[in-house]
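Trainee: The following file, data_35.cif, comprises mmCIF, C-alpha atoms and all ligand atoms:
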```
data_query
#
loop_
_atom_site.label_atom_id
_atom_site.label_comp_id
_atom_site.auth_asym_id
_atom_site.auth_seq_id
_atom_site.Cartn_x
_atom_site.Cartn_y
_atom_site.Cartn_z
CA MET N 1293 25.99 76.88 48.69
CA ASN N 1294 24.11 74.34 46.61
CA GLN N 1295 25.90 73.95 43.33
CA ARG N 1296 23.77 73.16 40.27
CA GLN N 1297 25.12 70.24 38.26
CA GLN N 1298 25.74 70.35 34.55
CA PRO N 1299 22.42 69.96 32.72
CA ASP N 1300 23.04 66.51 31.22
CA TYR N 1301 19.42 65.64 30.53
CA PHE N 1302 17.05 66.96 27.88
CA LYS N 1303 13.36 67.66 27.71
CA LEU N 1304 11.27 68.29 24.63
CA PHE N 1305 8.96 71.30 24.99
CA SER N 1306 5.46 69.97 25.57
CA CYS N 1307 4.21 71.70 22.39
CA CYS N 1308 6.77 69.70 20.38
CA LYS N 1309 5.47 66.28 19.40
CA ILE N 1310 7.39 63.54 17.64
CA VAL N 1311 5.43 61.55 15.07
CA LYS N 1312 7.00 58.41 13.67
CA GLY N 1313 6.42 57.44 10.06
CA PHE N 1314 7.54 54.33 8.22
CA ALA N 1315 10.61 55.93 6.61
CA ARG N 1316 11.25 59.01 8.76
CA SER N 1317 9.81 61.00 11.64
CA ILE N 1318 8.73 64.57 12.20
CA ILE N 1319 8.90 66.85 15.22
CA TYR N 1320 5.72 68.95 15.13
CA ASP N 1321 6.28 72.37 16.76
CA LEU N 1322 2.60 73.07 17.47
CA GLN N 1323 3.25 76.49 18.97
CA ARG N 1324 5.32 77.86 16.11
CA LYS N 1325 3.28 75.89 13.54
CA GLU N 1326 6.44 74.46 11.99
CA TYR N 1327 7.80 70.98 11.49
CA HIS N 1328 11.23 69.35 11.34
CA PHE N 1329 12.10 66.03 9.72
CA ILE N 1330 14.31 63.66 11.70
CA PRO N 1331 15.54 60.14 10.91
CA ASN N 1332 13.76 57.29 12.69
CA SER N 1333 17.01 56.38 14.48
CA LEU N 1334 16.84 59.74 16.30
CA TYR N 1335 13.14 59.25 17.02
CA GLU N 1336 14.15 56.08 18.90
CA ILE N 1337 16.63 58.08 20.98
CA LEU N 1338 14.07 60.74 21.90
CA PHE N 1339 11.33 58.26 22.58
CA LEU N 1340 13.11 55.36 24.26
CA TYR N 1341 15.73 57.31 26.18
CA LYS N 1342 13.77 60.36 27.25
CA GLU N 1343 14.71 59.80 30.89
CA LYS N 1344 18.38 59.07 30.30
CA SER N 1345 21.20 61.60 30.42
CA ILE N 1346 22.89 62.56 27.16
CA PRO N 1347 26.25 60.97 28.22
CA GLU N 1348 24.40 57.72 29.10
CA ILE N 1349 22.71 57.72 25.69
CA LYS N 1350 26.01 58.32 23.90
CA ASN N 1351 27.73 55.50 25.82
CA GLY N 1352 25.80 52.92 23.85
CA TYR N 1353 27.13 54.18 20.51
CA ASP N 1354 30.45 54.27 18.62
CA ALA N 1355 32.47 57.50 18.22
CA GLU N 1356 30.98 58.41 14.84
CA SER N 1357 27.39 58.02 16.10
CA GLN N 1358 28.26 59.99 19.27
CA ALA N 1359 29.22 63.00 17.12
CA ILE N 1360 25.89 62.70 15.25
CA ILE N 1361 24.00 62.53 18.56
CA ASP N 1362 25.84 65.65 19.82
CA SER N 1363 24.93 67.61 16.70
CA PHE N 1364 21.35 66.36 16.90
CA PHE N 1365 20.93 67.63 20.46
CA GLN N 1366 22.56 70.92 19.47
CA TYR N 1367 19.99 71.19 16.65
CA LEU N 1368 17.12 70.54 19.10
CA PHE N 1369 18.42 73.20 21.51
CA ASP N 1370 19.15 75.74 18.75
CA LYS N 1371 15.66 75.36 17.28
CA GLU N 1372 14.14 75.52 20.79
CA LEU N 1373 12.45 72.16 20.33
CA ALA N 1374 14.07 70.88 23.53
CA PHE N 1375 16.03 72.33 26.41
CA PRO N 1376 18.90 71.01 28.55
CA CYS N 1377 17.99 70.23 32.15
CA GLN N 1378 18.83 68.15 35.20
CA TYR N 1379 17.22 64.86 36.19
CA GLU N 1380 15.07 66.50 38.92
CA ASP N 1381 13.65 68.90 36.33
CA LEU N 1382 12.17 66.17 34.12
CA SER N 1383 9.07 65.67 36.27
CA GLN N 1384 8.48 69.42 36.56
CA PHE N 1385 7.34 69.69 32.94
CA PRO N 1386 4.30 67.43 32.40
CA GLU N 1387 3.32 66.21 28.94
CA MET N 1388 0.58 68.10 27.15
CA ASN N 1389 -2.79 66.38 27.25
CA ASN N 1390 -3.60 65.29 23.69
CA ALA N 1391 -7.25 64.60 24.38
CA ASN N 1392 -8.58 68.13 24.84
CA ARG N 1393 -10.87 68.27 21.84
CA GLU N 1394 -14.26 68.18 23.51
CA THR N 1395 -16.54 71.00 22.36
CA PRO N 1396 -20.04 71.93 23.54
CA CYS N 1397 -21.27 72.44 19.95
CA LEU N 1398 -22.90 69.64 17.99
CA LEU N 1399 -21.62 71.08 14.72
CA GLU N 1400 -18.48 73.15 14.19
CA SER N 1401 -18.82 73.79 10.50
CA PHE N 1402 -21.41 73.58 7.75
CA MET N 1403 -20.95 73.73 4.02
CA VAL N 1404 -23.51 74.86 1.46
CA ASP N 1405 -22.78 74.12 -2.21
CA ILE N 1406 -24.46 76.38 -4.74
CA ASP N 1407 -24.64 76.28 -8.52
CA GLU N 1408 -26.89 78.04 -11.02
CA LYS N 1409 -29.54 75.31 -10.70
CA SER N 1410 -29.63 75.38 -6.88
CA ASN N 1411 -32.95 76.59 -5.58
CA HIS N 1412 -32.00 76.75 -1.90
CA ASP N 1413 -34.29 78.15 0.75
CA TYR N 1414 -31.56 79.91 2.74
CA VAL N 1415 -33.87 80.79 5.64
CA LYS N 1416 -34.64 77.09 6.09
CA ILE N 1417 -30.92 76.24 6.10
CA ILE N 1418 -29.64 79.08 8.27
CA GLU N 1419 -32.33 79.09 10.97
CA PRO N 1420 -31.55 75.61 12.41
CA LEU N 1421 -27.80 76.27 12.16
CA SER N 1422 -28.31 79.36 14.26
CA GLN N 1423 -30.02 77.25 16.94
CA LEU N 1424 -26.91 75.05 17.03
CA ALA N 1425 -24.65 78.09 17.59
CA LEU N 1426 -22.66 76.97 14.57
CA LYS N 1427 -19.06 78.13 14.58
CA ALA N 1428 -18.42 78.43 10.84
CA ILE N 1429 -20.33 78.26 7.59
CA GLN N 1430 -18.70 77.85 4.21
CA LEU N 1431 -20.59 78.82 1.06
CA ARG N 1432 -19.11 77.36 -2.10
CA CYS N 1433 -20.39 78.64 -5.45
CA PHE N 1434 -19.58 76.82 -8.68
CA ASP N 1435 -21.18 79.36 -11.01
CA ARG N 1436 -20.94 83.14 -11.15
CA MET N 1437 -23.02 84.90 -8.54
CA ASP N 1438 -23.61 88.63 -8.32
CA ILE N 1439 -22.77 90.80 -5.33
CA VAL N 1440 -26.48 91.42 -4.55
CA PHE N 1441 -26.98 87.68 -3.96
CA ILE N 1442 -23.97 87.58 -1.59
CA HIS N 1443 -25.31 90.60 0.35
CA GLU N 1444 -28.73 88.92 0.68
CA ILE N 1445 -27.21 85.75 2.17
CA MET N 1446 -24.99 87.80 4.47
CA ASP N 1447 -28.00 89.80 5.70
CA LEU N 1448 -29.62 86.51 6.77
CA ILE N 1449 -26.46 85.26 8.46
CA LYS N 1450 -25.98 88.60 10.22
CA LYS N 1451 -29.18 88.02 12.20
CA SER N 1452 -28.18 84.45 13.13
CA ASP N 1453 -25.85 83.06 15.81
CA ILE N 1454 -23.46 81.68 13.18
CA ARG N 1455 -20.08 83.09 14.08
CA THR N 1456 -17.91 83.11 10.95
CA VAL N 1457 -18.42 82.88 7.17
CA GLU N 1458 -16.13 81.78 4.36
CA TRP N 1459 -17.01 82.27 0.70
CA PHE N 1460 -15.62 80.37 -2.29
CA ILE N 1461 -16.73 81.99 -5.49
CA PRO N 1462 -15.57 82.09 -9.13
CA TYR N 1463 -14.08 85.26 -10.55
CA ASN N 1464 -16.68 87.68 -11.87
CA ARG N 1465 -15.36 90.74 -13.65
CA ASP N 1466 -18.53 92.63 -12.68
CA ILE N 1467 -17.58 92.47 -9.01
CA HIS N 1468 -14.93 95.12 -8.38
CA PRO N 1469 -12.38 95.30 -5.53
CA GLU N 1470 -14.40 98.09 -3.86
CA ASP N 1471 -17.47 95.79 -3.87
CA TRP N 1472 -15.54 93.18 -1.89
CA GLU N 1473 -14.25 95.84 0.51
CA LYS N 1474 -17.76 97.17 1.11
CA LEU N 1475 -19.08 93.65 1.70
CA ILE N 1476 -16.32 92.85 4.20
CA HIS N 1477 -16.81 96.14 6.05
CA GLU N 1478 -20.56 95.60 6.31
CA HIS N 1479 -20.30 91.97 7.40
CA MET N 1480 -17.87 91.40 10.23
CA LYS N 1481 -18.60 87.65 10.24
CA ILE N 1482 -16.77 87.16 6.93
CA THR N 1483 -13.32 85.74 7.67
CA SER N 1484 -12.30 84.84 4.14
CA ILE N 1485 -13.34 85.13 0.52
CA THR N 1486 -11.56 82.90 -1.98
CA ILE N 1487 -12.01 83.89 -5.60
CA TYR N 1488 -10.94 81.09 -7.90
CA ASN N 1489 -10.37 81.05 -11.66
CA ALA N 1490 -8.78 84.49 -11.12
CA LYS N 1491 -6.38 86.03 -13.63
CA GLU N 1492 -3.59 86.56 -11.10
CA PRO N 1493 -2.95 84.97 -7.71
CA ASP N 1494 -3.17 87.47 -4.88
CA ILE N 1495 -3.81 87.66 -1.16
CA CYS N 1496 -4.79 90.75 0.79
CA TYR N 1497 -6.16 91.51 4.22
CA ILE N 1498 -9.18 93.76 4.57
CA GLN N 1499 -10.15 94.48 8.16
CA GLN N 1500 -11.04 91.08 9.72
CA ALA N 1501 -11.01 89.11 6.45
CA THR N 1502 -8.58 87.60 3.97
CA LEU N 1503 -9.34 88.09 0.28
CA ILE N 1504 -7.63 85.42 -1.78
CA HIS N 1505 -7.42 85.22 -5.57
CA LYS N 1506 -6.46 81.80 -6.98
CA GLN N 1507 -5.91 80.84 -10.58
CA GLU N 1508 -7.05 77.28 -9.93
CA ASN N 1509 -10.53 76.56 -11.22
CA ILE N 1510 -13.21 74.76 -9.22
CA THR N 1511 -16.19 73.53 -11.18
CA SER N 1512 -17.87 71.12 -8.78
CA CYS N 1513 -17.43 69.37 -5.43
CA GLU N 1514 -15.30 66.79 -7.28
CA ASP N 1515 -12.41 69.25 -7.21
CA CYS N 1516 -12.16 68.68 -3.45
CA GLY N 1517 -9.97 66.23 -1.53
CA LYS N 1518 -6.56 67.04 -3.02
CA ILE N 1519 -3.75 66.28 -0.59
CA SER N 1520 -0.53 68.23 -0.87
CA LYS N 1521 2.11 69.83 1.35
CA ASN N 1522 0.33 73.17 0.79
CA VAL N 1523 -2.77 72.06 2.67
CA PHE N 1524 -1.03 70.69 5.75
CA THR N 1525 -1.81 72.47 9.02
CA CYS N 1526 0.67 71.95 11.80
CA ASN N 1527 -1.15 73.30 14.85
CA LEU N 1528 -2.56 72.26 18.19
CA HIS N 1529 -6.18 72.12 17.00
CA LEU N 1530 -5.58 69.70 14.13
CA TYR N 1531 -3.04 67.64 16.08
CA THR N 1532 -5.37 67.05 19.04
CA GLU N 1533 -8.46 66.57 16.87
CA SER N 1534 -6.70 63.96 14.77
CA GLN N 1535 -5.90 61.84 17.86
CA GLN N 1536 -9.61 61.07 18.28
CA TYR N 1537 -11.56 62.24 15.27
CA ASN N 1538 -11.62 62.53 11.52
CA THR N 1539 -9.93 65.75 10.46
CA CYS N 1540 -12.32 66.38 7.58
CA LEU N 1541 -15.72 65.20 8.77
CA ASN N 1542 -15.77 65.63 12.55
CA GLY N 1543 -18.46 68.09 13.64
CA LYS N 1544 -19.27 68.87 10.02
CA ALA N 1545 -22.38 68.63 7.84
CA SER N 1546 -23.40 70.01 4.49
CA VAL N 1547 -26.09 70.58 1.92
CA ASP N 1548 -25.13 69.76 -1.65
CA VAL N 1549 -26.15 71.73 -4.77
CA SER N 1550 -29.48 69.88 -4.94
CA GLY N 1551 -30.33 70.17 -1.22
CA GLN N 1552 -29.33 66.71 0.06
CA ILE N 1553 -27.91 66.67 3.59
CA ARG N 1554 -24.55 64.88 3.58
CA ASN N 1555 -21.44 64.58 5.74
CA CYS N 1556 -19.69 66.48 2.97
CA PRO N 1557 -21.11 67.34 -0.45
CA SER N 1558 -18.88 64.73 -2.11
CA MET N 1559 -19.93 61.80 0.09
CA PRO N 1560 -22.12 59.26 -1.75
CA VAL N 1561 -24.67 58.80 1.07
CA GLY N 1562 -27.46 61.38 1.34
CA PHE N 1563 -29.64 61.69 4.45
CA GLY N 1564 -32.64 63.39 2.81
CA HIS N 1565 -33.48 66.85 1.49
CA TYR N 1566 -33.43 69.64 4.08
CA ARG N 1567 -36.95 70.65 2.97
CA ASP N 1568 -38.25 67.16 3.88
CA VAL N 1569 -36.28 66.20 7.00
CA SER N 1570 -35.10 68.11 10.07
CA LEU N 1571 -31.51 69.22 9.67
CA ILE N 1572 -30.89 69.17 13.43
CA GLU N 1573 -32.41 65.71 13.97
CA THR N 1574 -30.46 64.35 10.98
CA VAL N 1575 -27.06 65.46 12.21
CA LYS N 1576 -27.80 64.12 15.71
CA LYS N 1577 -28.26 60.57 14.39
CA PRO N 1578 -25.46 58.10 15.23
CA VAL N 1579 -25.50 56.91 11.60
CA PHE N 1580 -24.71 60.47 10.48
CA GLN N 1581 -21.87 60.79 12.99
CA GLN N 1582 -20.27 57.38 12.46
CA LEU N 1583 -17.60 58.72 10.08
CA TRP N 1584 -16.58 61.45 12.52
CA LYS N 1585 -14.51 58.97 14.53
CA ILE N 1586 -12.33 57.55 11.73
CA ARG N 1587 -8.88 58.71 12.78
CA LYS N 1588 -5.79 58.90 10.57
CA ASP N 1589 -4.40 56.08 12.71
CA ASP N 1590 -7.25 53.86 11.43
CA ILE N 1591 -6.62 54.55 7.75
CA ASN N 1592 -4.50 52.29 5.57
CA VAL N 1593 -1.18 53.85 4.57
CA CYS N 1594 -1.93 57.11 6.46
CA ARG N 1595 -1.32 55.26 9.71
CA ASP N 1596 2.31 54.82 8.56
CA CYS N 1597 2.74 58.42 7.43
CA GLU N 1598 4.62 61.04 9.44
CA PHE N 1599 2.24 63.77 8.16
CA ARG N 1600 -0.86 62.06 9.55
CA TYR N 1601 -1.62 64.58 12.33
CA MET N 1602 -1.24 67.66 10.09
CA CYS N 1603 -2.97 66.27 7.01
CA THR N 1604 -6.68 66.88 6.51
CA ASP N 1605 -8.34 63.62 5.59
CA CYS N 1606 -10.76 62.87 2.75
CA ARG N 1607 -13.28 60.02 3.02
CA ALA N 1608 -15.16 60.89 -0.18
CA TYR N 1609 -12.41 60.13 -2.71
CA ILE N 1610 -10.60 57.01 -1.56
CA LYS N 1611 -8.39 54.50 -3.37
CA ASP N 1612 -10.59 51.48 -2.64
CA LYS N 1613 -14.27 52.44 -2.71
CA SER N 1614 -15.24 49.17 -1.02
CA ASN N 1615 -13.08 49.99 2.03
CA ILE N 1616 -13.95 53.15 3.97
CA LEU N 1617 -10.53 52.89 5.67
CA SER N 1618 -8.53 53.15 2.48
CA GLN N 1619 -6.04 55.94 1.70
CA PRO N 1620 -7.31 59.20 0.16
CA GLU N 1621 -7.38 58.77 -3.61
CA LYS N 1622 -5.89 62.20 -4.34
CA CYS N 1623 -2.79 61.73 -2.19
CA ARG N 1624 0.46 61.51 -4.15
CA TYR N 1625 2.75 60.76 -1.21
CA ASN N 1626 4.40 57.43 -0.56
CA PRO N 1627 5.34 57.29 3.14
CA TYR N 1628 7.22 53.99 2.66
CA ILE N 1629 9.93 55.78 0.67
CA ALA N 1630 9.21 59.36 1.93
CA LYS N 1631 8.70 60.74 -1.56
CA TRP N 1632 6.07 62.83 -3.34
CA GLU N 1633 5.08 62.11 -6.91
CA GLY N 1634 7.48 64.00 -9.17
CA GLU N 1635 10.46 63.61 -6.81
CA GLU N 1636 13.40 61.52 -7.95
CA GLY N 1637 12.98 57.88 -6.97
CA TYR N 1638 9.22 58.14 -6.40
CA CYS N 1639 7.09 55.10 -7.08
CA ALA N 1640 3.41 54.61 -6.36
CA ILE N 1641 2.44 52.53 -3.37
CA ASN N 1642 2.52 48.78 -4.13
CA ALA N 1643 4.32 49.52 -7.42
CA GLY N 1644 7.83 49.04 -6.08
CA ALA N 1645 9.85 46.66 -3.99
CA ASN N 1646 10.35 49.24 -1.21
CA ASN N 1647 6.66 49.48 -0.42
CA GLN N 1648 5.59 47.61 2.66
CA ILE N 1649 2.36 47.61 4.55
S1 LIG N 1701 -0.45 59.18 3.20
FE1 LIG N 1701 -2.29 59.91 4.28
S2 LIG N 1701 -1.50 61.18 5.96
FE2 LIG N 1701 0.16 60.94 4.48
S3 LIG N 1701 0.05 62.72 3.13
FE3 LIG N 1701 -1.16 61.06 2.16
S4 LIG N 1701 -3.26 61.34 2.88
FE4 LIG N 1701 -1.94 62.57 4.23
#
```
Can the structure from this file be put into structure tokens for me?
Ligand code: SF4
Mentor:
Amino acid sequence: MNQRQQPDYFKLFSCCKIVKGFARSIIYDLQRKEYHFIPNSLYEILFLYKEKSIPEIKNGYDAESQAIIDSFFQYLFDKELAFPCQYEDLSQFPEMNNANRETPCLLESFMVDIDEKSNHDYVKIIEPLSQLALKAIQLRCFDRMDIVFIHEIMDLIKKSDIRTVEWFIPYNRDIHPEDWEKLIHEHMKITSITIYNAKEPDICYIQQATLIHKQENITSCEDCGKISKNVFTCNLHLYTESQQYNTCLNGKASVDVSGQIRNCPSMPVGFGHYRDVSLIETVKKPVFQQLWKIRKDDINVCRDCEFRYMCTDCRAYIKDKSNILSQPEKCRYNPYIAKWEGEEGYCAINAGANNQI
């Protein structure tokens, strides 16, 4: 009988990706949408010695380090980030292909900003988006709108090929919970409604949609671009997209409150008013799409950050306006010391001796 040997080797699950930062690394568990910090010394072990047996790896270290390596592998196995195996098994589990982000759609998402002065022609905006089989539209209101207005827009979108709708709208005491329920039941394309400037935070699920109340106020597009742990998304879509494309602007276009077509409403460059130029022809232009390919790996500071493939980028608010590759202005993380603003020992980038680029 063929006796199986002890499983001395290890293999990371293909949905578990290690991302090295300047001060520490992270294992992204893309299937469970979780992440685990590890020291860079253990990143080296996983990366450099991925085809060596665990006893071989341990041989190169002293007794104290060997105990740390044992507990590290136990942690990986317990969390189901890796599994023990034999040498012959290593080739049976191919690496996941990172470059699977091609999509047949020209645009994946479109944003329309609306305030009380906006005089948008919604038919003229929605009709071309329907031709593009747009995946998602986001409507962001900065002033109070009534429920009749929202129903009118939804009636237009209902007839289009746009697949999903997200609303951002300020709290209006004249719109009651039953009004939101009725809207969501009538319009199956609504996936979320975020009501900001609300009295109490709340989240509830109504049929296909999420209804979120936030106390935070949003008064204009300038409130966008804030980077925090709360907005990280550890999943396959963002991870693979970020290997090749910009995680904010790729496949995205917008119309600002005054009707200018832009990559995002906060970007300084406008490409003309949608009443004067063709929306479809504008977004097809290489000059419109040039920002879509700025990856996190191209961006100063972010390229050294372990969060870079779960962090949504911002190219509108950047630290150095003369350099399109500079770090997002509203990021308060220093990857050179692995600290967020407010944590003990934090210092701003370039303000302390530990910072290195
Ligand atoms: S340094 Fe860059 S990647 Fe890291 S958290 Fe800030 S914006 Fe995101």
Trainee: Can you work out which one of N:Asp1590, N:Asp1413, N:Glu1400, N:Asp1515 has the shortest atom-to-atom distance to ligand LIG 1701 (chain N), counting all atoms listed in the file?
Mentor: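 Under the stated criterion, the closest residue is N:Asp1590.
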Trainee: Name the residues in contact with region 1418-1420 of chain N at a cut-off of 10 Å, using only C-alpha atoms, excluding same-chain residues fewer than 2 positions from it; report them as JSON, numbers by chain.
Mentor: {"N": [1402, 1413, 1414, 1415, 1416, 1422, 1423, 1424, 1425, 1426, 1429, 1445, 1448, 1449, 1451, 1452, 1453, 1454, 1570, 1571, 1572]}
Trainee: Limited to C-alpha atoms, could you put the picked residues into a file as a PDB file, keeping the file's coordinate frame?
Mentor:
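Written out: part.pdb:
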```
ATOM      1  CA  PHE N1402     -21.410  73.580   7.750  1.00  0.00           C
ATOM      2  CA  ASP N1413     -34.290  78.150   0.750  1.00  0.00           C
ATOM      3  CA  TYR N1414     -31.560  79.910   2.740  1.00  0.00           C
ATOM      4  CA  VAL N1415     -33.870  80.790   5.640  1.00  0.00           C
ATOM      5  CA  LYS N1416     -34.640  77.090   6.090  1.00  0.00           C
ATOM      6  CA  SER N1422     -28.310  79.360  14.260  1.00  0.00           C
ATOM      7  CA  GLN N1423     -30.020  77.250  16.940  1.00  0.00           C
ATOM      8  CA  LEU N1424     -26.910  75.050  17.030  1.00  0.00           C
ATOM      9  CA  ALA N1425     -24.650  78.090  17.590  1.00  0.00           C
ATOM     10  CA  LEU N1426     -22.660  76.970  14.570  1.00  0.00           C
ATOM     11  CA  ILE N1429     -20.330  78.260   7.590  1.00  0.00           C
ATOM     12  CA  ILE N1445     -27.210  85.750   2.170  1.00  0.00           C
ATOM     13  CA  LEU N1448     -29.620  86.510   6.770  1.00  0.00           C
ATOM     14  CA  ILE N1449     -26.460  85.260   8.460  1.00  0.00           C
ATOM     15  CA  LYS N1451     -29.180  88.020  12.200  1.00  0.00           C
ATOM     16  CA  SER N1452     -28.180  84.450  13.130  1.00  0.00           C
ATOM     17  CA  ASP N1453     -25.850  83.060  15.810  1.00  0.00           C
ATOM     18  CA  ILE N1454     -23.460  81.680  13.180  1.00  0.00           C
ATOM     19  CA  SER N1570     -35.100  68.110  10.070  1.00  0.00           C
ATOM     20  CA  LEU N1571     -31.510  69.220   9.670  1.00  0.00           C
ATOM     21  CA  ILE N1572     -30.890  69.170  13.430  1.00  0.00           C
TER      22      ILE N1572
END
```
Trainee: Using only C-alpha atoms and all ligand atoms, what table do you get, as a tab-separated table, when you list each residue of chain N with an atom no more than 9 Å from ligand LIG 1701 (chain N), its nearest pair of atoms, and their distance in Å rounded to one decimal, rows by chain then rising number?
Mentor:
```
residue	atom	partner	partner_atom	distance
N:Lys1518	CA	N:LIG1701	S4	8.8
N:Ile1519	CA	N:LIG1701	S4	6.1
N:Ser1520	CA	N:LIG1701	S3	6.8
N:Lys1521	CA	N:LIG1701	S3	7.6
N:Phe1524	CA	N:LIG1701	FE4	8.3
N:Lys1588	CA	N:LIG1701	S2	6.7
N:Asp1589	CA	N:LIG1701	S2	8.9
N:Ile1591	CA	N:LIG1701	FE1	7.7
N:Asn1592	CA	N:LIG1701	FE1	8.0
N:Val1593	CA	N:LIG1701	S1	5.6
N:Cys1594	CA	N:LIG1701	FE1	3.6
N:Arg1595	CA	N:LIG1701	S2	7.0
N:Asp1596	CA	N:LIG1701	S1	7.4
N:Cys1597	CA	N:LIG1701	FE2	4.7
N:Glu1598	CA	N:LIG1701	FE2	6.7
N:Phe1599	CA	N:LIG1701	S2	5.1
N:Arg1600	CA	N:LIG1701	S2	3.8
N:Tyr1601	CA	N:LIG1701	S2	7.2
N:Met1602	CA	N:LIG1701	S2	7.7
N:Cys1603	CA	N:LIG1701	FE4	4.7
N:Thr1604	CA	N:LIG1701	FE4	6.8
N:Asp1605	CA	N:LIG1701	S4	6.2
N:Cys1606	CA	N:LIG1701	S4	7.7
N:Gln1619	CA	N:LIG1701	FE1	6.0
N:Pro1620	CA	N:LIG1701	S4	5.3
N:Glu1621	CA	N:LIG1701	S4	8.1
N:Lys1622	CA	N:LIG1701	S4	7.7
N:Cys1623	CA	N:LIG1701	FE3	4.7
N:Arg1624	CA	N:LIG1701	FE3	6.5
N:Tyr1625	CA	N:LIG1701	FE3	5.2
N:Asn1626	CA	N:LIG1701	S1	6.4
N:Pro1627	CA	N:LIG1701	S1	6.1
N:Trp1632	CA	N:LIG1701	S3	8.8
```
Trainee: Which residue out of N:Ile1629, N:Val1457, N:Ile1586, N:Cys1496 has the minimum interatomic distance to Lys1427 (chain N) when all atoms listed in the file are used?
Mentor: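 Among the listed residues, the smallest separation from Lys1427 (chain N) belongs to N:Val1457.
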Trainee: Return the single residue from N:Ile1485, N:Ala1545, N:Ile1319, N:Cys1526 that is closest to Phe1305 (chain N), with distances computed using all atoms listed in the file.
Mentor: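 The closest residue to Phe1305 (chain N) is N:Ile1319.
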Trainee: Give as a PDB file with C-alpha atoms, keeping the file's coordinate frame the set of residues within 9 Å of the point (-18.6, 82.3, -8.5), where distances use the file's coordinates and all atoms listed in the file.
Mentor:
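Just written: out17.pdb:
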```
ATOM      1  CA  ASP N1407     -24.640  76.280  -8.520  1.00  0.00           C
ATOM      2  CA  ARG N1432     -19.110  77.360  -2.100  1.00  0.00           C
ATOM      3  CA  CYS N1433     -20.390  78.640  -5.450  1.00  0.00           C
ATOM      4  CA  PHE N1434     -19.580  76.820  -8.680  1.00  0.00           C
ATOM      5  CA  ASP N1435     -21.180  79.360 -11.010  1.00  0.00           C
ATOM      6  CA  ARG N1436     -20.940  83.140 -11.150  1.00  0.00           C
ATOM      7  CA  MET N1437     -23.020  84.900  -8.540  1.00  0.00           C
ATOM      8  CA  ASP N1438     -23.610  88.630  -8.320  1.00  0.00           C
ATOM      9  CA  PHE N1460     -15.620  80.370  -2.290  1.00  0.00           C
ATOM     10  CA  ILE N1461     -16.730  81.990  -5.490  1.00  0.00           C
ATOM     11  CA  PRO N1462     -15.570  82.090  -9.130  1.00  0.00           C
ATOM     12  CA  TYR N1463     -14.080  85.260 -10.550  1.00  0.00           C
ATOM     13  CA  ASN N1464     -16.680  87.680 -11.870  1.00  0.00           C
ATOM     14  CA  ILE N1487     -12.010  83.890  -5.600  1.00  0.00           C
ATOM     15  CA  TYR N1488     -10.940  81.090  -7.900  1.00  0.00           C
ATOM     16  CA  ASN N1489     -10.370  81.050 -11.660  1.00  0.00           C
TER      17      ASN N1489
END
```
Trainee: May I ask which of the residues N:Asn1522, N:Thr1395, N:His1479, N:Met1446 is the closest one to Gly1543 (chain N), counting all atoms listed in the file?
Mentor: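 Ranked by minimum distance to Gly1543 (chain N), first place goes to N:Thr1395.
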Trainee: Which polymer residues, protein or nucleic acid, are no farther than 9 Å from (18.6, 68.6, 26.7), counting only C-alpha atoms, as a list in words?
Mentor: Pro1299, Asp1300, Tyr1301, Phe1302, Lys1303, Leu1304, Ser1345, Ile1346, Phe1365, Gln1366, Leu1368, Phe1369, Ala1374, Phe1375, Pro1376, Cys1377 and Gln1378 of chain N
Trainee: Using Å and a single decimal, report how far CA of Lys1506 (chain N) sits from CA of Met1480 (chain N).
Mentor: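 Between these atoms lies a distance of 22.8 Å.
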Trainee: What separation in Å, quoted to one decimal, exists between CA of Trp1584 (chain N) and CA of Lys1631 (chain N)?
Mentor: 28.9 Å
Trainee: In Å to one decimal, how far is CA of Lys1371 (chain N) from CA of Lys1309 (chain N)?
Mentor: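 For CA of Lys1309 (chain N) relative to CA of Lys1371 (chain N), the distance reads 13.8 Å.
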Trainee: Using all atoms listed in the file, which of the listed residues (N:Lys1409, N:Lys1344, N:Arg1455, N:His1443) sits closest to Leu1382 (chain N)?
Mentor: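 Comparing N:Lys1409, N:Lys1344, N:Arg1455, N:His1443 against Leu1382 (chain N), the winner is N:Lys1344.
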Trainee: Nearest to Glu1533 (chain N): which of N:Arg1587, N:Glu1470, N:Pro1557, N:Glu1635 is it, counting only C-alpha atoms?
Mentor: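 Among the listed residues, N:Arg1587 lies closest to Glu1533 (chain N).
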Trainee: Taking every listed atom of region 1425-1435 of chain N and adding 5 Å to each side, what centre and edge lengths in Å (one decimal) does the axis-aligned box have, as JSON?
Mentor:
```
{"center_x": -21.5, "center_y": 78.1, "center_z": 3.3, "size_x": 16.2, "size_y": 12.5, "size_z": 38.6}
```
Trainee: Which residues come within 10 Å of Leu1583 (chain N), counting all atoms listed in the file, excluding same-chain residues fewer than 5 positions away, as a list in words?
Mentor: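 Once the adjacent positions are removed, what remains is Tyr1537, Asn1538, Cys1540, Leu1541, Asn1542, Asn1555, Pro1578, Arg1607 and Ile1616 of chain N.
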Trainee: What's around Ile1417 (chain N) at 9 Å? Count all atoms listed in the file, leave out sequence neighbours fewer than 6 positions away in its own chain, and write the answer as a PyMOL selection string.
Mentor: chain N and resi 1404+1547+1566-1567+1571
Trainee: Residues within 7 Å of Ile1482 (chain N), please, as number ranges by chain. Count only C-alpha atoms; anything in the same chain fewer than 5 positions from it doesn't count.
Mentor: N: 1456-1458, 1476, 1501
